[in-house]
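Enquirer: Sharing protein_24.txt, compact mmCIF, C-alpha atoms:
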# COMPACT_ATOMS: atom_id res chain seq x y z
CA MET A 1 -91.22 -41.21 70.26
CA MET A 2 -90.53 -39.83 66.81
CA MET A 3 -88.42 -36.89 67.93
CA ARG A 4 -85.88 -34.82 66.03
CA MET A 5 -85.92 -30.89 66.52
CA THR A 6 -84.41 -28.17 69.40
CA PRO A 7 -83.10 -15.76 80.58
CA LYS A 8 -84.34 -17.52 83.41
CA LEU A 9 -85.73 -20.00 84.68
CA ALA A 10 -74.09 -35.93 88.95
CA VAL A 11 -77.07 -38.01 88.01
CA VAL A 12 -77.75 -40.47 90.83
CA ALA A 13 -79.82 -43.59 90.28
CA ALA A 14 -83.09 -43.43 92.20
CA LEU A 15 -84.72 -46.54 93.57
CA LEU A 16 -88.09 -47.18 91.98
CA ALA A 17 -89.61 -48.69 95.08
CA GLY A 18 -91.88 -46.27 96.87
CA ALA A 19 -91.72 -43.52 94.24
CA PRO A 20 -95.18 -42.01 93.67
CA LEU A 21 -94.55 -42.20 89.93
CA ALA A 22 -93.67 -45.86 89.90
CA SER A 23 -95.15 -48.83 91.69
CA ALA A 24 -95.82 -52.32 90.44
CA GLN A 25 -99.21 -52.53 92.11
CA ASP A 26 -100.18 -49.20 90.56
CA ALA A 27 -99.55 -50.38 86.99
CA VAL A 28 -102.75 -50.84 85.03
CA ALA A 29 -103.05 -54.26 83.44
CA ASP A 30 -104.40 -54.63 79.90
CA ALA A 31 -104.59 -50.86 79.49
CA GLN A 32 -106.72 -49.66 76.60
CA PRO A 33 -105.78 -46.47 74.76
CA ALA A 34 -107.88 -43.42 75.54
CA SER A 35 -109.26 -41.29 72.74
CA PRO A 36 -107.46 -38.06 71.90
CA ALA A 37 -109.04 -34.96 73.39
CA ALA A 38 -112.00 -33.78 71.34
CA PRO A 39 -111.35 -30.63 69.31
CA TRP A 40 -112.87 -27.50 70.77
CA SER A 41 -113.33 -23.92 69.73
CA MET A 42 -113.25 -20.77 71.80
CA THR A 43 -116.50 -18.97 72.56
CA TRP A 44 -116.07 -15.20 72.51
CA THR A 45 -118.53 -12.81 74.12
CA ASP A 46 -117.78 -10.00 71.68
CA PRO A 47 -116.99 -10.25 67.94
CA VAL A 48 -114.35 -7.53 68.29
CA PHE A 49 -112.51 -9.65 70.87
CA GLU A 50 -112.58 -12.56 68.46
CA GLN A 51 -111.24 -10.38 65.65
CA ILE A 52 -108.30 -9.08 67.67
CA ALA A 53 -107.57 -12.52 69.12
CA GLY A 54 -107.47 -13.93 65.59
CA LEU A 55 -104.64 -11.53 64.78
CA MET A 56 -102.69 -12.72 67.82
CA ILE A 57 -103.15 -16.50 67.99
CA GLY A 58 -100.20 -18.45 66.60
CA SER A 59 -96.41 -18.65 66.88
CA TRP A 60 -94.17 -15.62 66.40
CA LYS A 61 -90.48 -14.75 66.21
CA THR A 62 -88.67 -11.42 66.36
CA THR A 63 -87.09 -10.19 63.14
CA GLY A 64 -83.78 -9.80 64.97
CA PRO A 65 -82.12 -10.01 68.39
CA VAL A 66 -83.53 -7.93 71.23
CA GLY A 67 -82.01 -7.01 74.59
CA GLU A 68 -83.02 -8.40 77.94
CA PHE A 69 -84.65 -6.16 80.55
CA ALA A 70 -82.00 -6.73 83.20
CA ASP A 71 -79.07 -6.58 80.77
CA PRO A 72 -79.71 -4.87 77.40
CA THR A 73 -76.26 -5.99 76.20
CA ARG A 74 -77.47 -9.61 76.21
CA GLN A 75 -79.17 -10.00 72.85
CA ALA A 76 -81.30 -12.88 71.59
CA GLU A 77 -84.08 -13.57 69.17
CA VAL A 78 -87.37 -14.09 70.98
CA VAL A 79 -90.20 -16.49 70.22
CA MET A 80 -93.77 -16.12 71.40
CA SER A 81 -96.78 -18.41 71.13
CA ILE A 82 -100.37 -17.41 71.80
CA ALA A 83 -103.34 -19.77 72.17
CA PRO A 84 -106.95 -19.51 73.37
CA ALA A 85 -107.44 -20.35 77.04
CA LYS A 86 -110.71 -21.56 78.53
CA LEU A 87 -110.68 -20.30 82.11
CA SER A 88 -113.95 -20.44 84.03
CA GLY A 89 -113.05 -17.33 86.01
CA LEU A 90 -111.52 -15.38 83.11
CA PRO A 91 -113.62 -15.26 79.92
CA ASP A 92 -112.23 -14.07 76.58
CA ALA A 93 -108.68 -15.08 77.49
CA LEU A 94 -105.49 -16.08 75.69
CA TYR A 95 -102.37 -17.83 76.99
CA VAL A 96 -99.04 -16.24 76.01
CA GLU A 97 -95.63 -17.93 76.34
CA THR A 98 -92.39 -16.06 75.60
CA ALA A 99 -88.84 -17.44 75.44
CA ARG A 100 -85.42 -16.98 73.92
CA ALA A 101 -85.34 -18.64 70.50
CA ASP A 102 -82.33 -20.74 71.56
CA SER A 103 -84.21 -22.25 74.54
CA PRO A 104 -87.97 -22.24 73.85
CA GLU A 105 -88.52 -25.09 76.31
CA GLN A 106 -87.56 -22.71 79.13
CA PRO A 107 -89.80 -19.65 78.72
CA TYR A 108 -89.01 -16.60 80.80
CA ARG A 109 -92.62 -15.46 80.81
CA SER A 110 -95.98 -17.24 80.89
CA ALA A 111 -99.07 -15.09 81.16
CA PHE A 112 -102.72 -14.74 80.28
CA VAL A 113 -104.39 -11.82 78.57
CA GLN A 114 -108.09 -11.01 78.79
CA PHE A 115 -110.26 -8.83 76.61
CA TYR A 116 -112.90 -6.67 78.25
CA ARG A 117 -114.67 -3.39 77.70
CA ARG A 118 -114.30 -0.34 79.91
CA GLN A 119 -116.94 2.30 79.22
CA GLY A 120 -117.27 0.88 75.74
CA GLU A 121 -113.53 0.93 75.01
CA VAL A 122 -111.76 -2.33 74.15
CA ARG A 123 -109.03 -3.21 76.61
CA LEU A 124 -106.56 -6.05 76.86
CA ARG A 125 -105.45 -6.88 80.41
CA THR A 126 -102.32 -8.90 81.11
CA LEU A 127 -102.33 -11.28 84.09
CA GLU A 128 -99.63 -13.47 85.58
CA VAL A 129 -99.71 -16.29 88.11
CA ARG A 130 -99.59 -14.55 91.48
CA ALA A 131 -97.03 -16.84 93.15
CA PRO A 132 -93.80 -17.11 91.09
CA GLY A 133 -93.13 -20.63 92.38
CA ASN A 134 -96.59 -22.00 91.60
CA PRO A 135 -96.01 -25.38 89.88
CA VAL A 136 -98.85 -24.68 87.45
CA ILE A 137 -96.44 -22.33 85.62
CA SER A 138 -94.12 -25.19 84.60
CA MET A 139 -97.08 -27.42 83.82
CA MET A 140 -98.33 -24.94 81.21
CA VAL A 141 -95.05 -24.85 79.26
CA GLY A 142 -95.72 -26.04 75.73
CA LEU A 143 -99.41 -26.71 76.25
CA TRP A 144 -100.25 -23.91 73.82
CA VAL A 145 -99.72 -26.63 71.19
CA LYS A 146 -102.76 -28.44 72.65
CA PRO A 147 -104.62 -25.69 74.52
CA GLU A 148 -107.45 -28.03 75.49
CA PHE A 149 -105.04 -29.32 78.17
CA LEU A 150 -104.27 -25.91 79.69
CA PRO A 151 -105.38 -25.99 83.34
CA ASP A 152 -108.31 -23.91 84.53
CA VAL A 153 -106.21 -21.54 86.64
CA PRO A 154 -108.46 -19.85 89.26
CA ARG A 155 -108.86 -16.07 88.88
CA ASN A 156 -107.65 -15.57 92.47
CA ASP A 157 -104.33 -17.19 91.51
CA LEU A 158 -103.72 -14.48 88.90
CA ILE A 159 -102.64 -10.89 89.35
CA ALA A 160 -103.29 -8.16 86.80
CA THR A 161 -100.20 -6.27 85.65
CA LEU A 162 -101.32 -3.70 83.07
CA ASP A 163 -103.97 -2.77 80.50
CA LEU A 164 -103.72 -1.85 76.84
CA GLN A 165 -106.50 0.24 75.34
CA PHE A 166 -107.16 -0.81 71.72
CA ASP A 167 -108.37 1.22 68.78
CA LYS A 168 -109.07 0.21 65.19
CA GLY A 169 -106.62 1.54 62.63
CA ALA A 170 -106.34 1.52 58.86
CA THR A 171 -104.36 -1.75 58.76
CA GLY A 172 -105.27 -3.44 62.04
CA TRP A 173 -105.56 -2.74 65.74
CA ALA A 174 -103.25 -0.78 68.02
CA GLY A 175 -103.16 -0.70 71.81
CA GLN A 176 -101.22 1.22 74.39
CA THR A 177 -101.20 1.65 78.14
CA PRO A 178 -103.50 4.51 79.13
CA TYR A 179 -100.85 5.75 81.60
CA PRO A 180 -97.44 4.64 82.95
CA TYR A 181 -97.46 1.71 85.40
CA PRO A 182 -95.13 1.42 88.40
CA THR A 183 -92.36 -1.17 88.09
CA ALA A 184 -89.06 -2.16 89.68
CA VAL A 185 -87.71 -4.20 86.75
CA GLY A 186 -84.17 -3.35 85.68
CA GLY A 187 -83.96 -0.30 87.93
CA ALA A 188 -86.95 1.41 86.28
CA VAL A 189 -89.61 3.20 88.31
CA GLU A 190 -92.38 3.08 85.72
CA MET A 191 -93.13 1.48 82.39
CA THR A 192 -95.35 1.77 79.34
CA SER A 193 -96.39 -0.79 76.77
CA SER A 194 -97.82 -0.73 73.26
CA MET A 195 -98.85 -3.26 70.62
CA GLU A 196 -99.74 -3.05 66.94
CA LEU A 197 -101.51 -5.93 65.18
CA GLY A 198 -102.01 -6.50 61.47
CA GLY A 199 -100.50 -7.92 58.30
CA ASP A 200 -99.19 -11.07 60.04
CA ARG A 201 -96.97 -8.92 62.22
CA ILE A 202 -96.99 -7.88 65.85
CA ARG A 203 -95.02 -4.81 66.92
CA THR A 204 -94.47 -4.40 70.65
CA ALA A 205 -92.71 -1.82 72.77
CA ASP A 206 -92.31 -2.28 76.52
CA ARG A 207 -90.20 0.53 77.95
CA GLY A 208 -88.88 1.05 81.45
CA TYR A 209 -88.12 4.60 82.60
CA GLY A 210 -85.80 5.78 85.34
CA ALA A 211 -86.69 8.49 87.84
CA ASP A 212 -85.18 11.06 85.46
CA GLY A 213 -87.46 9.92 82.62
CA ALA A 214 -84.69 8.21 80.64
CA VAL A 215 -85.44 4.89 78.89
CA LEU A 216 -83.56 2.18 80.83
CA TRP A 217 -84.77 -0.81 78.85
CA GLY A 218 -86.88 -1.61 75.82
CA PRO A 219 -86.69 -0.06 72.36
CA ALA A 220 -85.89 3.60 71.90
CA GLU A 221 -88.76 6.05 71.65
CA GLY A 222 -90.52 5.64 68.31
CA GLU A 223 -89.09 2.16 67.75
CA ALA A 224 -90.59 -1.29 68.46
CA TYR A 225 -89.74 -4.98 68.45
CA GLU A 226 -91.30 -6.71 65.47
CA PHE A 227 -92.59 -10.29 65.48
CA VAL A 228 -93.51 -12.21 62.34
CA ARG A 229 -95.45 -15.45 62.10
CA THR A 230 -93.38 -18.59 62.21
CA ASP A 231 -93.91 -22.34 62.32
CA PRO A 232 -94.70 -23.69 65.80
CA TYR A 233 -91.42 -24.50 67.52
CA PHE A 234 -92.95 -27.44 69.40
CA SER A 235 -94.73 -30.39 67.81
CA ALA A 236 -97.53 -32.55 69.17
CA ARG A 237 -98.80 -35.96 68.13
CA TRP A 238 -101.30 -38.56 69.25
CA ASP A 239 -99.89 -42.02 69.97
CA ASP A 240 -102.44 -44.75 69.30
CA ARG A 241 -101.43 -46.45 72.52
CA GLY A 242 -103.18 -43.64 74.37
CA ALA A 243 -100.98 -40.56 74.84
CA THR A 244 -100.72 -37.04 73.51
CA ILE A 245 -97.00 -36.26 73.22
CA ILE A 246 -95.51 -32.78 72.89
CA THR A 247 -91.87 -32.52 71.83
CA LEU A 248 -90.17 -29.70 73.74
CA ARG A 249 -86.57 -30.49 72.77
CA ASP A 250 -85.15 -33.09 70.41
CA ASN A 251 -81.44 -33.86 70.38
CA ALA A 252 -80.79 -35.00 66.82
CA GLU A 253 -77.20 -35.94 67.65
CA THR A 254 -78.06 -38.81 69.99
CA LYS A 255 -79.74 -42.13 69.27
CA PRO A 256 -82.82 -43.44 71.10
CA TYR A 257 -82.16 -45.59 74.12
CA ALA A 258 -82.64 -49.33 73.74
CA PRO A 259 -83.63 -52.31 75.92
CA GLY A 260 -80.89 -53.01 78.45
CA ASP A 261 -79.81 -49.35 78.70
CA ARG A 262 -79.94 -47.56 82.02
CA VAL A 263 -81.71 -44.23 81.68
CA ALA A 264 -82.41 -41.34 84.01
CA PHE A 265 -85.08 -38.65 83.77
CA GLN A 266 -85.79 -35.38 85.46
CA TYR A 267 -89.56 -35.41 85.66
CA SER A 268 -92.67 -33.74 87.02
CA GLY A 269 -96.26 -34.96 87.10
CA TRP A 270 -99.52 -33.06 87.45
CA VAL A 271 -103.21 -33.79 87.40
CA THR A 272 -105.08 -31.68 84.86
CA THR A 273 -106.25 -29.20 87.52
CA GLY A 274 -102.63 -28.05 87.73
CA ARG A 275 -101.83 -29.78 91.01
CA LEU A 276 -98.26 -31.12 91.11
CA PHE A 277 -98.21 -34.62 92.61
CA ASP A 278 -94.51 -35.45 92.19
CA THR A 279 -91.27 -34.02 90.80
CA SER A 280 -87.60 -34.89 90.78
CA ARG A 281 -86.69 -31.20 90.46
CA ARG A 282 -87.02 -30.44 94.17
CA PRO A 283 -83.80 -29.94 96.16
CA GLY A 284 -82.56 -33.25 97.52
CA LYS A 285 -84.45 -35.40 95.02
CA ASN A 286 -82.77 -37.55 92.39
CA PRO A 287 -83.73 -38.21 88.79
CA LEU A 288 -85.79 -41.31 88.12
CA SER A 289 -83.39 -44.05 86.98
CA TYR A 290 -84.07 -47.58 85.74
CA ILE A 291 -82.99 -50.20 83.21
CA VAL A 292 -85.18 -50.40 80.11
CA PRO A 293 -87.74 -51.88 80.06
CA SER A 294 -89.15 -51.34 83.53
CA GLY A 295 -92.26 -53.22 84.54
CA SER A 296 -92.61 -51.09 87.66
CA LEU A 297 -93.75 -47.91 85.90
CA ILE A 298 -97.26 -47.02 84.85
CA PRO A 299 -97.91 -47.91 81.19
CA GLY A 300 -98.27 -44.26 80.22
CA TRP A 301 -94.68 -43.51 81.19
CA ALA A 302 -93.33 -46.12 78.77
CA VAL A 303 -95.56 -44.78 75.99
CA GLY A 304 -94.67 -41.14 76.60
CA THR A 305 -90.91 -41.67 76.77
CA ASP A 306 -90.63 -44.31 74.04
CA GLY A 307 -87.93 -43.37 71.50
CA MET A 308 -86.31 -40.63 73.58
CA SER A 309 -82.57 -40.08 73.63
CA LEU A 310 -80.09 -38.20 75.80
CA GLY A 311 -81.04 -34.51 75.96
CA ASP A 312 -84.61 -34.98 74.73
CA TRP A 313 -87.38 -33.22 76.63
CA CYS A 314 -91.09 -33.86 76.22
CA LYS A 315 -94.47 -33.42 77.83
CA PHE A 316 -97.13 -36.10 77.54
CA ILE A 317 -100.73 -36.50 78.62
CA VAL A 318 -102.24 -39.89 79.44
CA GLY A 319 -105.71 -40.93 80.54
CA PRO A 320 -106.47 -43.13 83.55
CA GLU A 321 -106.23 -46.24 81.35
CA LEU A 322 -102.47 -45.68 81.12
CA GLY A 323 -102.18 -44.11 84.57
CA TYR A 324 -103.51 -45.28 87.90
CA GLY A 325 -106.97 -46.26 86.71
CA PRO A 326 -109.83 -46.20 89.25
CA ARG A 327 -107.47 -46.02 92.23
CA SER A 328 -106.05 -42.96 93.93
CA ALA A 329 -102.27 -42.67 94.17
CA ALA A 330 -99.47 -40.45 95.46
CA GLY A 331 -101.00 -40.27 98.90
CA GLY A 332 -104.28 -39.01 97.50
CA GLY A 333 -102.61 -36.43 95.27
CA ILE A 334 -103.91 -38.35 92.26
CA PRO A 335 -107.69 -38.88 92.48
CA PRO A 336 -109.27 -41.97 90.92
CA ASN A 337 -109.67 -41.91 87.11
CA SER A 338 -107.29 -38.99 86.66
CA THR A 339 -105.80 -37.78 83.40
CA LEU A 340 -102.13 -37.00 84.03
CA VAL A 341 -99.65 -34.54 82.53
CA PHE A 342 -95.96 -35.48 82.69
CA GLU A 343 -92.79 -33.64 81.77
CA ALA A 344 -89.72 -35.79 81.15
CA GLU A 345 -86.14 -34.75 80.35
CA CYS A 346 -83.70 -37.55 79.54
CA VAL A 347 -80.50 -36.69 81.44
CA MET A 348 -78.59 -39.98 81.25
CA VAL A 349 -78.29 -42.98 78.93
CA GLU A 350 -75.85 -45.75 79.88
CA GLU A 351 -75.80 -48.17 77.00
CA GLN A 352 -76.24 -51.86 77.73
CA ALA A 353 -76.08 -51.55 81.49
CA ILE A 354 -77.18 -55.16 81.39
CA LYS A 355 -77.02 -57.55 78.46
CA LEU A 356 -80.45 -58.93 77.66
CA PRO A 357 -80.74 -62.53 76.42
CA GLU A 358 -80.92 -62.89 72.66
CA VAL A 359 -84.28 -63.89 71.18
CA ILE A 360 -83.78 -66.98 68.98
CA ASN A 361 -86.01 -67.26 65.92
CA PRO A 362 -87.23 -70.87 65.83
CA SER A 363 -87.54 -70.72 62.04
CA GLY A 364 -83.85 -69.93 61.72
CA ASN A 365 -84.53 -66.83 59.62
Is it possible to give me this structure as structure tokens?

Expert:
Amino acid sequence: MMMRMTPKLAVVAALLAGAPLASAQDAVADAQPASPAAPWSMTWTDPVFEQIAGLMIGSWKTTGPVGEFADPTRQAEVVMSIAPAKLSGLPDALYVETARADSPEQPYRSAFVQFYRRQGEVRLRTLEVRAPGNPVISMMVGLWVKPEFLPDVPRNDLIATLDLQFDKGATGWAGQTPYPYPTAVGGAVEMTSSMELGGDRIRTADRGYGADGAVLWGPAEGEAYEFVRTDPYFSARWDDRGATIITLRDNAETKPYAPGDRVAFQYSGWVTTGRLFDTSRRPGKNPLSYIVPSGSLIPGWAVGTDGMSLGDWCKFIVGPELGYGPRSAAGGGIPPNSTLVFEAECVMVEEQAIKLPEVINPSGN
């Protein structure tokens, strides 16, 4: 893997035998690379929705540090990425991921927004996954780079949080909550939100108010947090062996592991519907550990983690040719011919755990 880039949210070797992720009989022989996902474009039901969405889609960064809701004294620059989302139960939707700039691979908020009209007025509704522990939340991290892989989250799994009513201005669009919404965040009893779009800038102001009407968090009255467009902070590439690889974190100070090294990974695996079929991040589970190369893992794992080093974190998508093929796996959690989404964090590299035999060149060169 050609990797080199980087508040919420003792490695023990795990035996490969019996792990849903790894099984010799589940490896696919003579795997052929799948084609990369075909490009797609969003279909909007209203040209105004498309216009506003066009001002939002992309990667953004605050022009300076901002305070956290729970502790305004904790300051950090914030990054936000917005991508179109094709949800069968939620038309005209975008996916929004927000994180501290120093840890974008661990977003503190993942949400959807949907455009709709109420009595002719343009509104933007924010929606979050109803169950905070739903594994689809961690699956979506970073997929804004390749939004065609975002899962089709059912509408019943989402809960609406607030609406912004948008109006056209001289330089763009501006939206604000039509009334205060109840909240319990940071000791506030109600909150308001506003957004201004235009000129490659987004200005936002979420404010929480105490029972006495004082602002407890968010910018002061009349002020806003300003985001400017920035380069995407994750990268994605297609590997000709059959995987789409998204770099979430790249530790430039460590070298890639090599044959004979023992490595360990924290990992999770999903089918593209968003169903989690296995993870090492549950209490009581150990990271996946093995000596490179391992013939017991599905071919897609070797492709997706190739070139990683200690501290690297990636997400990769492989078709059934590099997964479990026409068979089901993980106790039925992986249906036949499934495309799989994996997240892998390299948490240990023990160099030359075994010494591999040298390959002698018969020609003597």

Enquirer: For Ala211 (chain A), please output as number ranges by chain all residues within 12 Å (counting all atoms listed in the file; exclusion window: fewer than 5 positions along the same chain).

Expert: A: 182-184, 187-191, 216

Enquirer: Atoms to include: C-alpha atoms. Write the selected residues as a PDB file, in the frame of the given file.

Expert:
ATOM      1  CA  PRO A 182     -95.130   1.420  88.400  1.00  0.00           C
ATOM      2  CA  THR A 183     -92.360  -1.170  88.090  1.00  0.00           C
ATOM      3  CA  ALA A 184     -89.060  -2.160  89.680  1.00  0.00           C
ATOM      4  CA  GLY A 187     -83.960  -0.300  87.930  1.00  0.00           C
ATOM      5  CA  ALA A 188     -86.950   1.410  86.280  1.00  0.00           C
ATOM      6  CA  VAL A 189     -89.610   3.200  88.310  1.00  0.00           C
ATOM      7  CA  GLU A 190     -92.380   3.080  85.720  1.00  0.00           C
ATOM      8  CA  MET A 191     -93.130   1.480  82.390  1.00  0.00           C
ATOM      9  CA  LEU A 216     -83.560   2.180  80.830  1.00  0.00           C
TER      10      LEU A 216
END

Enquirer: By how many Å are CA of Asp206 (chain A) and CA of Gly218 (chain A) apart?

Expert: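 For CA of Asp206 (chain A) relative to CA of Gly218 (chain A), the distance reads 5.5 Å.
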
Enquirer: From the options A:Val263, A:Ala93, A:Ala258, A:Val341, which residue's atoms come nearest to Met140 (chain A), counting only C-alpha atoms?

Expert: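 With only C-alpha atoms as the atom set, the closest residue is A:Val341.
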
Enquirer: Set the distance at 7 Å and use only C-alpha atoms: which residues neighbour region 121-138 of chain A once local chain neighbours fewer than 5 positions away are removed? I'd like the list as a JSON list (two decimals) with C-alpha atoms, in the frame of the given file.

Expert:
[["chain", "number", "residue", "atom", "x", "y", "z"],
["A", 110, "SER", "CA", -95.98, -17.24, 80.89],
["A", 111, "ALA", "CA", -99.07, -15.09, 81.16],
["A", 112, "PHE", "CA", -102.72, -14.74, 80.28],
["A", 113, "VAL", "CA", -104.39, -11.82, 78.57],
["A", 114, "GLN", "CA", -108.09, -11.01, 78.79],
["A", 115, "PHE", "CA", -110.26, -8.83, 76.61],
["A", 116, "TYR", "CA", -112.90, -6.67, 78.25],
["A", 157, "ASP", "CA", -104.33, -17.19, 91.51],
["A", 158, "LEU", "CA", -103.72, -14.48, 88.90],
["A", 159, "ILE", "CA", -102.64, -10.89, 89.35],
["A", 160, "ALA", "CA", -103.29, -8.16, 86.80],
["A", 161, "THR", "CA", -100.20, -6.27, 85.65],
["A", 162, "LEU", "CA", -101.32, -3.70, 83.07],
["A", 163, "ASP", "CA", -103.97, -2.77, 80.50],
["A", 164, "LEU", "CA", -103.72, -1.85, 76.84],
["A", 165, "GLN", "CA", -106.50, 0.24, 75.34],
["A", 166, "PHE", "CA", -107.16, -0.81, 71.72],
["A", 274, "GLY", "CA", -102.63, -28.05, 87.73],
["A", 275, "ARG", "CA", -101.83, -29.78, 91.01],
["A", 276, "LEU", "CA", -98.26, -31.12, 91.11]]

Enquirer: Of the residues A:Ile317, A:Ala224, A:Met139, A:Val215, which is the one nearest to Thr279 (chain A), using all atoms listed in the file?

Expert: A:Met139

Enquirer: Save region 284-300 of chain A of the structure in the block above to a file, with N, CA and C atoms included, as a short mmCIF file (atom, residue, chain, number, x, y, z; two decimals), in the first residue's frame.

Expert:
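After the write, part.cif holds the following:
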data_model
loop_
_atom_site.label_atom_id
_atom_site.label_comp_id
_atom_site.auth_asym_id
_atom_site.auth_seq_id
_atom_site.Cartn_x
_atom_site.Cartn_y
_atom_site.Cartn_z
N GLY A 284 -12.75 -8.31 25.08
CA GLY A 284 -12.36 -9.72 25.18
C GLY A 284 -11.77 -10.30 23.92
N LYS A 285 -11.80 -9.56 22.82
CA LYS A 285 -11.21 -10.06 21.58
C LYS A 285 -9.81 -9.50 21.40
N ASN A 286 -8.97 -10.26 20.71
CA ASN A 286 -7.59 -9.87 20.49
C ASN A 286 -7.40 -9.41 19.04
N PRO A 287 -6.38 -8.60 18.81
CA PRO A 287 -6.04 -8.26 17.43
C PRO A 287 -5.68 -9.51 16.64
N LEU A 288 -5.84 -9.43 15.35
CA LEU A 288 -5.45 -10.50 14.44
C LEU A 288 -3.94 -10.46 14.27
N SER A 289 -3.25 -11.56 14.58
CA SER A 289 -1.80 -11.60 14.54
C SER A 289 -1.33 -12.78 13.71
N TYR A 290 -0.29 -12.56 12.90
CA TYR A 290 0.24 -13.63 12.06
C TYR A 290 1.63 -13.23 11.56
N ILE A 291 2.35 -14.19 11.03
CA ILE A 291 3.66 -13.93 10.43
C ILE A 291 3.47 -13.80 8.93
N VAL A 292 4.03 -12.76 8.37
CA VAL A 292 3.88 -12.45 6.94
C VAL A 292 4.82 -13.34 6.11
N PRO A 293 4.34 -13.93 5.01
CA PRO A 293 2.96 -13.88 4.53
C PRO A 293 2.13 -14.98 5.16
N SER A 294 0.82 -14.80 5.20
CA SER A 294 -0.06 -15.82 5.74
C SER A 294 -0.93 -16.36 4.63
N GLY A 295 -0.87 -17.67 4.44
CA GLY A 295 -1.70 -18.30 3.42
C GLY A 295 -3.08 -18.62 3.92
N SER A 296 -3.36 -18.29 5.18
CA SER A 296 -4.66 -18.64 5.76
C SER A 296 -5.70 -17.54 5.62
N LEU A 297 -5.29 -16.37 5.13
CA LEU A 297 -6.21 -15.25 5.02
C LEU A 297 -6.77 -15.14 3.61
N ILE A 298 -7.94 -14.55 3.50
CA ILE A 298 -8.51 -14.36 2.17
C ILE A 298 -7.57 -13.47 1.35
N PRO A 299 -7.52 -13.65 0.04
CA PRO A 299 -6.60 -12.85 -0.77
C PRO A 299 -6.79 -11.35 -0.61
N GLY A 300 -8.01 -10.91 -0.44
CA GLY A 300 -8.27 -9.48 -0.32
C GLY A 300 -7.60 -8.84 0.88
#
